[in-house]
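Have a look at query-v3.pdb; it's PDB, C-alpha atoms and all ligand atoms:
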```
ATOM      1  CA  MET A   1      87.093   1.695   4.587
ATOM      2  CA  PHE A   2      84.054  -0.290   3.414
ATOM      3  CA  VAL A   3      80.459   0.689   4.203
ATOM      4  CA  PHE A   4      77.582  -1.759   3.744
ATOM      5  CA  GLY A   5      74.099  -0.374   3.053
ATOM      6  CA  TYR A   6      70.896  -2.447   3.122
ATOM      7  CA  GLY A   7      68.313   0.369   3.245
ATOM      8  CA  SER A   8      68.384   3.904   1.888
ATOM      9  CA  LEU A   9      72.180   3.748   1.523
ATOM     10  CA  ILE A  10      71.608   1.439  -1.447
ATOM     11  CA  TRP A  11      69.994   4.125  -3.576
ATOM     12  CA  ARG A  12      71.234   7.279  -1.853
ATOM     13  CA  PRO A  13      74.647   6.848  -0.249
ATOM     14  CA  GLY A  14      75.230  10.602  -0.018
ATOM     15  CA  PHE A  15      78.998  10.269   0.528
ATOM     16  CA  PRO A  16      82.049   9.953  -1.743
ATOM     17  CA  TYR A  17      83.197   6.443  -2.683
ATOM     18  CA  THR A  18      85.558   4.986  -5.263
ATOM     19  CA  ARG A  19      83.541   1.912  -6.230
ATOM     20  CA  LYS A  20      80.570  -0.135  -5.138
ATOM     21  CA  PHE A  21      79.436  -3.732  -5.532
ATOM     22  CA  ASN A  22      76.518  -5.985  -4.584
ATOM     23  CA  ALA A  23      77.181  -8.038  -1.493
ATOM     24  CA  TYR A  24      75.403  -9.627   1.436
ATOM     25  CA  VAL A  25      75.659 -10.143   5.164
ATOM     26  CA  ARG A  26      74.868 -13.500   6.742
ATOM     27  CA  GLY A  27      72.741 -14.330   9.748
ATOM     28  CA  PHE A  28      70.303 -11.403   9.487
ATOM     29  CA  LYS A  29      66.806 -10.614   8.239
ATOM     30  CA  ARG A  30      65.808  -7.219   6.881
ATOM     31  CA  ARG A  31      62.629  -5.886   8.489
ATOM     32  CA  PHE A  32      60.713  -2.582   8.649
ATOM     33  CA  TRP A  33      60.876  -2.793  12.412
ATOM     34  CA  GLN A  34      62.588   0.532  13.069
ATOM     35  CA  ARG A  35      60.468   3.585  13.875
ATOM     36  CA  SER A  36      61.442   6.723  11.940
ATOM     37  CA  CYS A  37      60.712  10.112  13.460
ATOM     38  CA  ASP A  38      63.534  11.971  11.711
ATOM     39  CA  HIS A  39      63.400  10.783   8.087
ATOM     40  CA  ARG A  40      60.158   9.093   7.026
ATOM     41  CA  GLY A  41      57.826  10.129   9.814
ATOM     42  CA  THR A  42      57.521  12.518  12.715
ATOM     43  CA  VAL A  43      57.464  12.199  16.494
ATOM     44  CA  GLU A  44      53.650  12.379  16.360
ATOM     45  CA  ASN A  45      53.362   9.937  13.436
ATOM     46  CA  PRO A  46      56.489   7.809  13.244
ATOM     47  CA  GLY A  47      57.186   6.049   9.946
ATOM     48  CA  ARG A  48      58.883   2.700   9.387
ATOM     49  CA  VAL A  49      62.387   2.060   8.033
ATOM     50  CA  VAL A  50      64.520  -1.045   7.851
ATOM     51  CA  THR A  51      66.911  -2.567  10.282
ATOM     52  CA  ILE A  52      68.527  -5.978  10.134
ATOM     53  CA  VAL A  53      67.706  -8.436  12.878
ATOM     54  CA  PRO A  54      70.068 -11.287  13.789
ATOM     55  CA  THR A  55      68.348 -14.559  12.820
ATOM     56  CA  SER A  56      68.839 -15.963  16.333
ATOM     57  CA  GLU A  57      66.977 -12.974  17.848
ATOM     58  CA  PHE A  58      64.379 -13.121  15.092
ATOM     59  CA  GLU A  59      63.330 -16.688  15.966
ATOM     60  CA  THR A  60      62.669 -15.579  19.561
ATOM     61  CA  LEU A  61      60.848 -12.417  18.552
ATOM     62  CA  GLN A  62      58.729 -13.873  15.774
ATOM     63  CA  PRO A  63      58.269 -17.608  15.858
ATOM     64  CA  SER A  64      55.274 -17.370  13.467
ATOM     65  CA  ARG A  65      55.637 -17.793   9.719
ATOM     66  CA  GLU A  66      55.685 -14.944   7.193
ATOM     67  CA  PRO A  67      56.638 -14.520   3.529
ATOM     68  CA  HIS A  68      60.149 -15.906   3.291
ATOM     69  CA  ASP A  69      62.821 -16.974   0.838
ATOM     70  CA  GLU A  70      64.772 -20.192   1.068
ATOM     71  CA  ASP A  71      67.906 -18.172   1.581
ATOM     72  CA  ASP A  72      66.304 -15.923   4.068
ATOM     73  CA  ASP A  73      69.013 -15.330   6.590
ATOM     74  CA  ILE A  74      71.146 -13.350   4.208
ATOM     75  CA  VAL A  75      70.553  -9.688   3.460
ATOM     76  CA  TRP A  76      71.712  -8.282   0.163
ATOM     77  CA  GLY A  77      72.831  -4.708  -0.193
ATOM     78  CA  THR A  78      75.631  -2.548  -1.520
ATOM     79  CA  VAL A  79      79.211  -2.220  -0.341
ATOM     80  CA  TYR A  80      80.956   1.103  -0.899
ATOM     81  CA  CYS A  81      84.740   1.523  -0.913
ATOM     82  CA  VAL A  82      85.621   4.802   0.770
ATOM     83  CA  LYS A  83      89.057   6.386   0.520
ATOM     84  CA  HIS A  84      90.992   6.332   3.766
ATOM     85  CA  GLU A  85      91.262  10.124   3.821
ATOM     86  CA  ASP A  86      87.461  10.468   3.542
ATOM     87  CA  SER A  87      86.562   7.891   6.161
ATOM     88  CA  VAL A  88      86.374  10.155   9.227
ATOM     89  CA  ALA A  89      84.134  12.685   7.457
ATOM     90  CA  VAL A  90      81.913   9.927   5.981
ATOM     91  CA  LEU A  91      81.372   8.263   9.355
ATOM     92  CA  LYS A  92      80.661  11.626  10.972
ATOM     93  CA  CYS A  93      77.993  12.348   8.392
ATOM     94  CA  LEU A  94      76.499   8.819   8.604
ATOM     95  CA  ASP A  95      76.429   8.940  12.413
ATOM     96  CA  ILE A  96      74.146  11.968  12.119
ATOM     97  CA  ARG A  97      72.006  10.477   9.366
ATOM     98  CA  GLU A  98      71.558   7.198  11.246
ATOM     99  CA  LYS A  99      71.086   8.700  14.690
ATOM    100  CA  GLY A 100      67.510   7.412  14.924
ATOM    101  CA  GLY A 101      68.424   4.335  16.975
ATOM    102  CA  TYR A 102      71.226   2.806  14.867
ATOM    103  CA  HIS A 103      74.746   1.977  15.984
ATOM    104  CA  ARG A 104      77.812   0.994  13.973
ATOM    105  CA  GLU A 105      79.027  -2.578  13.637
ATOM    106  CA  GLU A 106      81.826  -4.244  11.686
ATOM    107  CA  VAL A 107      80.580  -7.321   9.838
ATOM    108  CA  PRO A 108      81.934  -9.718   7.221
ATOM    109  CA  VAL A 109      80.308  -9.247   3.817
ATOM    110  CA  TYR A 110      80.164 -11.783   1.021
ATOM    111  CA  VAL A 111      79.701 -11.700  -2.714
ATOM    112  CA  GLN A 112      77.882 -14.114  -5.041
ATOM    113  CA  GLY A 113      79.288 -17.601  -4.668
ATOM    114  CA  ASP A 114      79.674 -17.211  -0.907
ATOM    115  CA  LEU A 115      83.055 -15.567  -1.213
ATOM    116  CA  PHE A 116      84.190 -13.449   1.687
ATOM    117  CA  ALA A 117      84.767  -9.934   0.345
ATOM    118  CA  CYS A 118      85.737  -7.690   3.246
ATOM    119  CA  MET A 119      84.845  -6.449   6.700
ATOM    120  CA  ALA A 120      82.463  -3.528   6.350
ATOM    121  CA  THR A 121      80.849  -0.973   8.619
ATOM    122  CA  LEU A 122      77.081  -1.016   8.793
ATOM    123  CA  TYR A 123      74.447   0.755  10.849
ATOM    124  CA  VAL A 124      72.025  -1.500  12.680
ATOM    125  CA  GLY A 125      69.177  -0.885  15.110
ATOM    126  CA  SER A 126      69.612  -3.059  18.191
ATOM    127  CA  VAL A 127      66.681  -5.318  19.152
ATOM    128  CA  SER A 128      67.100  -4.146  22.739
ATOM    129  CA  ARG A 129      64.606  -1.367  23.397
ATOM    130  CA  THR A 130      66.784   0.059  26.142
ATOM    131  CA  VAL A 131      69.603   0.550  23.616
ATOM    132  CA  ASN A 132      67.373   1.363  20.649
ATOM    133  CA  THR A 133      64.188   3.157  21.635
ATOM    134  CA  GLU A 134      63.035   3.169  18.003
ATOM    135  CA  PHE A 135      62.919  -0.620  17.733
ATOM    136  CA  ILE A 136      59.375  -1.855  17.123
ATOM    137  CA  GLY A 137      59.837  -5.594  16.821
ATOM    138  CA  PRO A 138      57.394  -7.862  15.044
ATOM    139  CA  GLU A 139      54.470  -5.965  13.548
ATOM    140  CA  ASP A 140      51.523  -7.207  11.544
ATOM    141  CA  LEU A 141      52.416  -6.703   7.875
ATOM    142  CA  ASP A 142      49.125  -4.934   7.105
ATOM    143  CA  ALA A 143      49.715  -2.544  10.015
ATOM    144  CA  THR A 144      53.219  -1.761   8.699
ATOM    145  CA  ALA A 145      51.775  -1.287   5.209
ATOM    146  CA  ARG A 146      49.134   1.167   6.481
ATOM    147  CA  ILE A 147      51.735   3.244   8.328
ATOM    148  CA  ILE A 148      54.068   3.309   5.317
ATOM    149  CA  ALA A 149      51.239   4.148   2.899
ATOM    150  CA  CYS A 150      50.260   7.265   4.855
ATOM    151  CA  GLY A 151      53.482   8.388   6.543
ATOM    152  CA  SER A 152      55.828  11.169   5.575
ATOM    153  CA  GLY A 153      58.810  12.931   7.159
ATOM    154  CA  PRO A 154      61.674  15.347   6.424
ATOM    155  CA  SER A 155      63.246  12.916   3.903
ATOM    156  CA  GLY A 156      59.943  12.430   2.034
ATOM    157  CA  PRO A 157      56.987  10.035   1.879
ATOM    158  CA  ASN A 158      57.523   6.785   3.729
ATOM    159  CA  ARG A 159      56.261   4.794   0.748
ATOM    160  CA  ASP A 160      59.021   6.238  -1.473
ATOM    161  CA  TYR A 161      61.588   4.764   0.892
ATOM    162  CA  LEU A 162      59.999   1.331   0.450
ATOM    163  CA  TYR A 163      59.485   1.706  -3.305
ATOM    164  CA  ASN A 164      63.084   2.911  -3.846
ATOM    165  CA  LEU A 165      64.440   0.013  -1.853
ATOM    166  CA  ALA A 166      62.302  -2.540  -3.704
ATOM    167  CA  GLU A 167      63.190  -0.995  -7.092
ATOM    168  CA  SER A 168      66.898  -1.003  -6.227
ATOM    169  CA  LEU A 169      66.813  -4.689  -5.308
ATOM    170  CA  ARG A 170      64.936  -5.507  -8.510
ATOM    171  CA  SER A 171      67.468  -3.570 -10.576
ATOM    172  CA  MET A 172      70.199  -5.643  -8.900
ATOM    173  CA  SER A 173      68.184  -8.799  -9.804
ATOM    174  CA  LEU A 174      67.745  -9.555  -6.111
ATOM    175  CA  HIS A 175      64.674 -10.921  -4.385
ATOM    176  CA  ASP A 176      63.314 -10.241  -0.897
ATOM    177  CA  ALA A 177      59.961 -11.962  -0.293
ATOM    178  CA  TYR A 178      59.065  -9.948   2.819
ATOM    179  CA  LEU A 179      59.930  -6.622   1.233
ATOM    180  CA  PHE A 180      58.168  -7.295  -2.069
ATOM    181  CA  GLU A 181      55.020  -8.481  -0.268
ATOM    182  CA  LEU A 182      55.040  -5.307   1.838
ATOM    183  CA  GLU A 183      55.497  -3.229  -1.321
ATOM    184  CA  ARG A 184      52.532  -5.022  -2.959
ATOM    185  CA  ARG A 185      50.305  -4.268   0.049
ATOM    186  CA  VAL A 186      51.332  -0.610   0.213
ATOM    187  CA  ARG A 187      50.825  -0.097  -3.538
ATOM    188  CA  GLU A 188      47.403  -1.759  -3.288
ATOM    189  CA  SER A 189      46.291   0.313  -0.299
ATOM    190  CA  THR A 190      47.576   3.514  -1.907
ATOM    191  CA  VAL A 191      45.612   2.827  -5.093
ATOM    192  CA  SER A 192      42.438   2.109  -3.163
ATOM    193  CA  THR A 193      42.893   5.245  -1.018
ATOM    194  CA  ASP A 194      43.453   7.350  -4.147
ATOM    195  CA  THR A 195      40.408   5.814  -5.830
ATOM    196  CA  GLN A 196      38.252   6.514  -2.794
ATOM    197  CA  VAL A 197      39.416  10.113  -2.589
ATOM    198  CA  CYS A 198      38.584  10.396  -6.283
ATOM    199  CA  ILE A 199      35.097   8.883  -5.916
ATOM    200  CA  LYS A 200      34.283  11.103  -2.936
ATOM    201  CA  THR A 201      35.418  14.229  -4.768
ATOM    202  CA  LYS A 202      33.149  13.312  -7.691
ATOM    203  CA  ILE A 203      30.186  12.711  -5.381
ATOM    204  CA  SER A 204      30.580  16.102  -3.774
ATOM    205  CA  ASP A 205      30.623  17.775  -7.217
ATOM    206  CA  MET A 206      27.584  15.962  -8.648
ATOM    207  CA  GLU A 207      23.962  17.143  -8.545
ATOM    208  CA  PRO A 208      21.722  14.601  -6.723
ATOM    209  CA  ASN A 209      19.109  12.730  -8.796
ATOM    210  CA  GLY A 210      16.851  11.951  -5.868
ATOM    211  CA  THR A 211      16.395  11.790  -2.127
ATOM    212  CA  ILE A 212      16.274   9.004   0.417
ATOM    213  CA  VAL A 213      14.589   9.717   3.744
ATOM    214  CA  ILE A 214      15.906   7.737   6.712
ATOM    215  CA  ASP A 215      15.051   7.179  10.379
ATOM    216  CA  SER A 216      17.085   8.419  13.355
ATOM    217  CA  GLY A 217      18.771   5.031  13.910
ATOM    218  CA  ALA A 218      20.167   5.104  10.386
ATOM    219  CA  THR A 219      21.250   8.744  10.833
ATOM    220  CA  GLN A 220      23.164   7.765  13.934
ATOM    221  CA  ALA A 221      24.773   4.739  12.256
ATOM    222  CA  ILE A 222      25.937   6.879   9.321
ATOM    223  CA  SER A 223      27.059   9.991  11.189
ATOM    224  CA  GLN A 224      28.454   8.556  14.365
ATOM    225  CA  LYS A 225      29.486   5.019  13.474
ATOM    226  CA  SER A 226      30.616   5.655   9.871
ATOM    227  CA  LYS A 227      28.384   2.863   8.550
ATOM    228  CA  GLY A 228      26.848   2.488   5.132
ATOM    229  CA  LEU A 229      23.101   2.954   4.587
ATOM    230  CA  LEU A 230      21.089  -0.252   5.054
ATOM    231  CA  PRO A 231      17.543  -0.637   3.630
ATOM    232  CA  VAL A 232      16.112  -1.262   7.102
ATOM    233  CA  GLY A 233      16.647   2.408   8.062
ATOM    234  CA  ILE A 234      14.987   3.853   4.909
ATOM    235  CA  ARG A 235      11.506   5.360   5.217
ATOM    236  CA  LYS A 236      10.880   6.975   1.812
ATOM    237  CA  VAL A 237      12.409   7.425  -1.669
ATOM    238  CA  GLU A 238      11.864  10.521  -3.805
ATOM    239  CA  GLY A 239      12.743  10.841  -7.483
ATOM    240  CA  ASP A 240      13.256   8.352 -10.267
ATOM    241  CA  PHE A 241      16.902   7.344 -10.448
ATOM    242  CA  GLU A 242      19.022   4.447 -11.642
ATOM    243  CA  GLU A 243      21.568   2.344  -9.789
ATOM    244  CA  GLY A 244      24.858   4.326  -9.636
ATOM    245  CA  SER A 245      23.116   7.706  -9.307
ATOM    246  CA  VAL A 246      24.017  10.271  -6.670
ATOM    247  CA  VAL A 247      21.304  10.862  -4.087
ATOM    248  CA  LEU A 248      20.831  13.002  -1.003
ATOM    249  CA  VAL A 249      20.099  11.314   2.303
ATOM    250  CA  ILE A 250      17.799  13.225   4.677
ATOM    251  CA  ASP A 251      16.783  12.547   8.265
ATOM    252  CA  GLN A 252      13.017  12.076   8.625
ATOM    253  CA  SER A 253      12.586  13.819  11.973
ATOM    254  CA  THR A 254      14.974  16.778  11.586
ATOM    255  CA  ASN A 255      14.668  17.143   7.785
ATOM    256  CA  LYS A 256      18.440  17.788   7.728
ATOM    257  CA  LYS A 257      20.868  16.472   5.104
ATOM    258  CA  VAL A 258      22.860  13.566   6.541
ATOM    259  CA  SER A 259      24.921  12.461   3.565
ATOM    260  CA  LYS A 260      25.234  12.189  -0.185
ATOM    261  CA  GLY A 261      26.289   9.072  -2.048
ATOM    262  CA  LEU A 262      26.144   6.629  -4.935
ATOM    263  CA  VAL A 263      23.250   4.167  -4.737
ATOM    264  CA  ASN A 264      23.646   0.450  -5.351
ATOM    265  CA  PHE A 265      19.958   0.173  -6.380
ATOM    266  CA  SER A 266      17.458   2.041  -8.547
ATOM    267  CA  ALA A 267      14.659   4.098  -6.935
ATOM    268  CA  SER A 268      12.059   1.425  -7.782
ATOM    269  CA  GLU A 269      14.199  -1.302  -6.194
ATOM    270  CA  ILE A 270      14.662   0.788  -3.038
ATOM    271  CA  GLU A 271      10.847   1.152  -2.863
ATOM    272  CA  MET A 272      10.671  -2.638  -2.710
ATOM    273  CA  ILE A 273      13.359  -3.195  -0.073
ATOM    274  CA  LEU A 274      12.939  -0.183   2.220
ATOM    275  CA  GLY A 275      12.402  -1.089   5.869
ATOM    276  CA  LYS A 276      13.553  -4.665   5.173
ATOM    277  CA  HIS A 277      16.559  -6.549   6.500
ATOM    278  CA  SER A 278      19.426  -6.802   3.978
ATOM    279  CA  LYS A 279      19.374 -10.593   3.988
ATOM    280  CA  MET A 280      15.914 -10.449   2.340
ATOM    281  CA  ILE A 281      17.134  -8.402  -0.663
ATOM    282  CA  PRO A 282      18.029 -11.366  -2.943
ATOM    283  CA  GLU A 283      14.610 -12.933  -2.353
ATOM    284  CA  ILE A 284      12.692  -9.678  -2.945
ATOM    285  CA  LEU A 285      14.665  -8.580  -6.026
ATOM    286  CA  GLY A 286      15.405 -12.043  -7.360
ATOM    287  CA  ARG A 287      19.130 -11.363  -7.669
ATOM    288  CA  GLU A 288      22.323 -11.206  -5.630
ATOM    289  CA  ALA A 289      22.939  -7.677  -4.347
ATOM    290  CA  GLN A 290      24.970  -5.537  -1.967
ATOM    291  CA  GLU A 291      23.710  -5.330   1.606
ATOM    292  CA  CYS A 292      24.008  -1.514   1.696
ATOM    293  CA  VAL A 293      21.888   0.838  -0.372
ATOM    294  CA  ILE A 294      24.830   3.255  -0.190
ATOM    295  CA  SER A 295      28.210   1.781   0.781
ATOM    296  CA  LYS A 296      30.349   3.650   3.260
ATOM    297  CA  SER A 297      33.122   4.006   0.656
ATOM    298  CA  ALA A 298      30.722   5.746  -1.754
ATOM    299  CA  MET A 299      29.268   8.213   0.719
ATOM    300  CA  ILE A 300      30.217  11.655   1.983
ATOM    301  CA  LEU A 301      28.780  13.267   5.087
ATOM    302  CA  THR A 302      27.181  16.652   4.510
TER     303      THR A 302
HETATM  304  C1  LIG B   1      68.222   6.610   6.679
HETATM  305  O1  LIG B   1      69.316   6.828   6.177
HETATM  306  O2  LIG B   1      68.094   5.879   7.681
HETATM  307  C2  LIG B   1      66.974   7.154   6.104
HETATM  308  C3  LIG B   1      67.213   8.057   4.948
HETATM  309  C4  LIG B   1      65.969   8.240   4.149
HETATM  310  O3  LIG B   1      64.877   8.064   4.659
HETATM  311  O4  LIG B   1      66.089   8.584   2.964
END
```
Translate the structure described by the file into structure tokens.
Amino acid sequence: MFVFGYGSLIWRPGFPYTRKFNAYVRGFKRRFWQRSCDHRGTVENPGRVVTIVPTSEFETLQPSREPHDEDDDIVWGTVYCVKHEDSVAVLKCLDIREKGGYHREEVPVYVQGDLFACMATLYVGSVSRTVNTEFIGPEDLDATARIIACGSGPSGPNRDYLYNLAESLRSMSLHDAYLFELERRVRESTVSTDTQVCIKTKISDMEPNGTIVIDSGATQAISQKSKGLLPVGIRKVEGDFEEGSVVLVIDQSTNKKVSKGLVNFSASEIEMILGKHSKMIPEILGREAQECVISKSAMILT
């Protein structure tokens, strides 16, 4: 028996086989359009894993353009040769592993040079939501990237699934424009999330060099709407600090701490722009500047 893998089976078959080779199926596109509640997510926070979508169905589902290769209705993967005596046990184990909306199909697989290699069994998630309740269909690539960057399930972090798949294809010298673009976005968002966590941890550990007193409108914008601190809501500055210092932000009427953060301006500059609209900052200071005195990403609520 031959088994074709185009997702996690490429790097973790998990069953006995005698040999494997790179091959492809025709007339499909690989997409992270399958919800995963049992491997890379949970029922509450489903992750995303790949399925292959017939090109004819794809055109109906997603007429818009996305990252694509010239040869983009073939999907490369790995074919495994399984001994006849192992086949029943292998399929039994794969049926359990792929129970999250996939069904078995027999498809022709080809090797480099467009040579027909064999008929192989693969697991595919139907595009019919009545057959496959885990099918998502077209999803904005940034939305998929956000879910993958944060998700995790019994088989591990969702991003590892994507990274392993992308790495495997690279090691086979194969290209997949959609997949590599998704990987780039997830890696980027993960780095920026890690950096933000890092910055916020530092802010909470640092002693403040000064205080900024703000009005109730600014307090509300920061605490309830998660906004940065604009100069228009500032009433008073205390202390002598430089741009990049950590300061405490206090509400004028309640005298309570609202937040703590890294300032984009020195104390003397804030004196000049307090109470003013952000668009006036370049004119007052004579230079281009951020519109927030403390950006949302550099602020922690206290
Ligand atoms: C799968 O086989 O569909 C997923 C396995 C994994 O997430 O590692």
Subject >> Two-atom distance - atom CA of A:Ser8, atom CA of A:Asn164 (Å) >> reply: 7.9 Å
**OP:** Run the PyMOL selection byres (((not hetatm)) within 8 of (chain B and resi 1)) mentally over the shown coordinates, then write out the matched residues as a PyMOL selection string, using the chain letters and numbers from the document.
**Re:** chain A and resi 7-9+12+36+39-40+49-50+94+97-98+100+155-156+158+161
Give me the result of the PyMOL selection byres (((chain A and resi 137) around 9) and not hetatm) on this file, residue by residue, as a short mmCIF file (atom, residue, chain, number, x, y, z; two decimals) with C-alpha atoms, in the coordinates of the input.
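result.cif was written with the following content:
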```
data_model
loop_
_atom_site.label_atom_id
_atom_site.label_comp_id
_atom_site.auth_asym_id
_atom_site.auth_seq_id
_atom_site.Cartn_x
_atom_site.Cartn_y
_atom_site.Cartn_z
CA ARG A 31 62.63 -5.89 8.49
CA PHE A 32 60.71 -2.58 8.65
CA TRP A 33 60.88 -2.79 12.41
CA GLN A 34 62.59 0.53 13.07
CA PHE A 58 64.38 -13.12 15.09
CA LEU A 61 60.85 -12.42 18.55
CA GLN A 62 58.73 -13.87 15.77
CA VAL A 127 66.68 -5.32 19.15
CA PHE A 135 62.92 -0.62 17.73
CA ILE A 136 59.38 -1.86 17.12
CA PRO A 138 57.39 -7.86 15.04
CA GLU A 139 54.47 -5.96 13.55
#
```
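In this model, the gap between atom CA of A:Asp86 and atom CA of A:Val3 comes to 12.0 Å.
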Original post:
Once the PyMOL selection byres (((chain A and resi 219) around 10) and not hetatm) has been applied to the shown file, what residues remain in the selection, as a count of residues only?
Top reply: 25
**OP:** Give the answer as one residue: which of A:Ile74, A:Val53, A:Met299, A:Ile273 has the shortest atom-to-atom distance to A:Ser126, using all atoms listed in the file?
**Re:** A:Val53
**OP:** Tell me, as a ChimeraX atom specification, which residues lie within 9 Å of stretch 101-115 of chain A, counting all atoms listed in the file; anything in the same chain fewer than 2 positions away does not count.
**Re:** /A:4,21-26,34-36,51,79,95,98-99,117-126,131-135
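Distances here use all atoms listed in the file; by that measure, the residue among A:Gly151, A:Pro13, A:Ala143, A:Val232 closest to A:Glu44 is A:Gly151.
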Subject >> Å distance separating atom CA of A:Tyr6 from atom CA of A:Val75, one decimal place >> reply: 7.3 Å
**OP:** Compute the distance from (8.2, 7.2, -1.5) to each atom, counting all atoms listed in the file, keep the residues with any atom at most 10 Å away, and return them as a PyMOL selection string; use the coordinates of the file.
**Re:** chain A and resi 211-213+234-239+267-268+270-271+274
Write stretch 138-153 of chain A as a PDB file, in the frame of the given file, completed to N, CA and C atoms.
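This went into rebuild.pdb:
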```pdb
ATOM      1  N   PRO A 138      58.357  -7.303  15.980  1.00  0.00           N
ATOM      2  CA  PRO A 138      57.394  -7.862  15.044  1.00  0.00           C
ATOM      3  C   PRO A 138      56.120  -7.020  14.977  1.00  0.00           C
ATOM      4  N   GLU A 139      55.682  -6.777  13.754  1.00  0.00           N
ATOM      5  CA  GLU A 139      54.470  -5.965  13.548  1.00  0.00           C
ATOM      6  C   GLU A 139      53.684  -6.621  12.421  1.00  0.00           C
ATOM      7  N   ASP A 140      52.388  -6.654  12.575  1.00  0.00           N
ATOM      8  CA  ASP A 140      51.523  -7.207  11.544  1.00  0.00           C
ATOM      9  C   ASP A 140      51.823  -6.488  10.211  1.00  0.00           C
ATOM     10  N   LEU A 141      51.970  -7.282   9.143  1.00  0.00           N
ATOM     11  CA  LEU A 141      52.416  -6.703   7.875  1.00  0.00           C
ATOM     12  C   LEU A 141      51.413  -5.660   7.334  1.00  0.00           C
ATOM     13  N   ASP A 142      50.123  -5.914   7.565  1.00  0.00           N
ATOM     14  CA  ASP A 142      49.125  -4.934   7.105  1.00  0.00           C
ATOM     15  C   ASP A 142      49.236  -3.633   7.898  1.00  0.00           C
ATOM     16  N   ALA A 143      49.562  -3.761   9.184  1.00  0.00           N
ATOM     17  CA  ALA A 143      49.715  -2.544  10.015  1.00  0.00           C
ATOM     18  C   ALA A 143      50.922  -1.750   9.515  1.00  0.00           C
ATOM     19  N   THR A 144      52.027  -2.450   9.226  1.00  0.00           N
ATOM     20  CA  THR A 144      53.219  -1.761   8.699  1.00  0.00           C
ATOM     21  C   THR A 144      52.873  -1.098   7.368  1.00  0.00           C
ATOM     22  N   ALA A 145      52.130  -1.823   6.532  1.00  0.00           N
ATOM     23  CA  ALA A 145      51.775  -1.287   5.209  1.00  0.00           C
ATOM     24  C   ALA A 145      50.931  -0.014   5.350  1.00  0.00           C
ATOM     25  N   ARG A 146      49.995  -0.017   6.293  1.00  0.00           N
ATOM     26  CA  ARG A 146      49.134   1.167   6.481  1.00  0.00           C
ATOM     27  C   ARG A 146      49.965   2.367   6.914  1.00  0.00           C
ATOM     28  N   ILE A 147      50.897   2.137   7.833  1.00  0.00           N
ATOM     29  CA  ILE A 147      51.735   3.244   8.328  1.00  0.00           C
ATOM     30  C   ILE A 147      52.593   3.790   7.179  1.00  0.00           C
ATOM     31  N   ILE A 148      53.192   2.878   6.412  1.00  0.00           N
ATOM     32  CA  ILE A 148      54.068   3.309   5.317  1.00  0.00           C
ATOM     33  C   ILE A 148      53.264   4.026   4.230  1.00  0.00           C
ATOM     34  N   ALA A 149      52.059   3.542   3.961  1.00  0.00           N
ATOM     35  CA  ALA A 149      51.239   4.148   2.899  1.00  0.00           C
ATOM     36  C   ALA A 149      50.904   5.605   3.217  1.00  0.00           C
ATOM     37  N   CYS A 150      50.725   5.911   4.493  1.00  0.00           N
ATOM     38  CA  CYS A 150      50.260   7.265   4.855  1.00  0.00           C
ATOM     39  C   CYS A 150      51.368   8.167   5.387  1.00  0.00           C
ATOM     40  N   GLY A 151      52.485   7.594   5.829  1.00  0.00           N
ATOM     41  CA  GLY A 151      53.482   8.388   6.543  1.00  0.00           C
ATOM     42  C   GLY A 151      54.365   9.248   5.656  1.00  0.00           C
ATOM     43  N   SER A 152      54.921  10.267   6.270  1.00  0.00           N
ATOM     44  CA  SER A 152      55.828  11.169   5.575  1.00  0.00           C
ATOM     45  C   SER A 152      56.697  11.884   6.610  1.00  0.00           C
ATOM     46  N   GLY A 153      57.915  12.234   6.228  1.00  0.00           N
ATOM     47  CA  GLY A 153      58.810  12.931   7.159  1.00  0.00           C
ATOM     48  C   GLY A 153      59.750  13.843   6.391  1.00  0.00           C
TER      49      GLY A 153
END
```
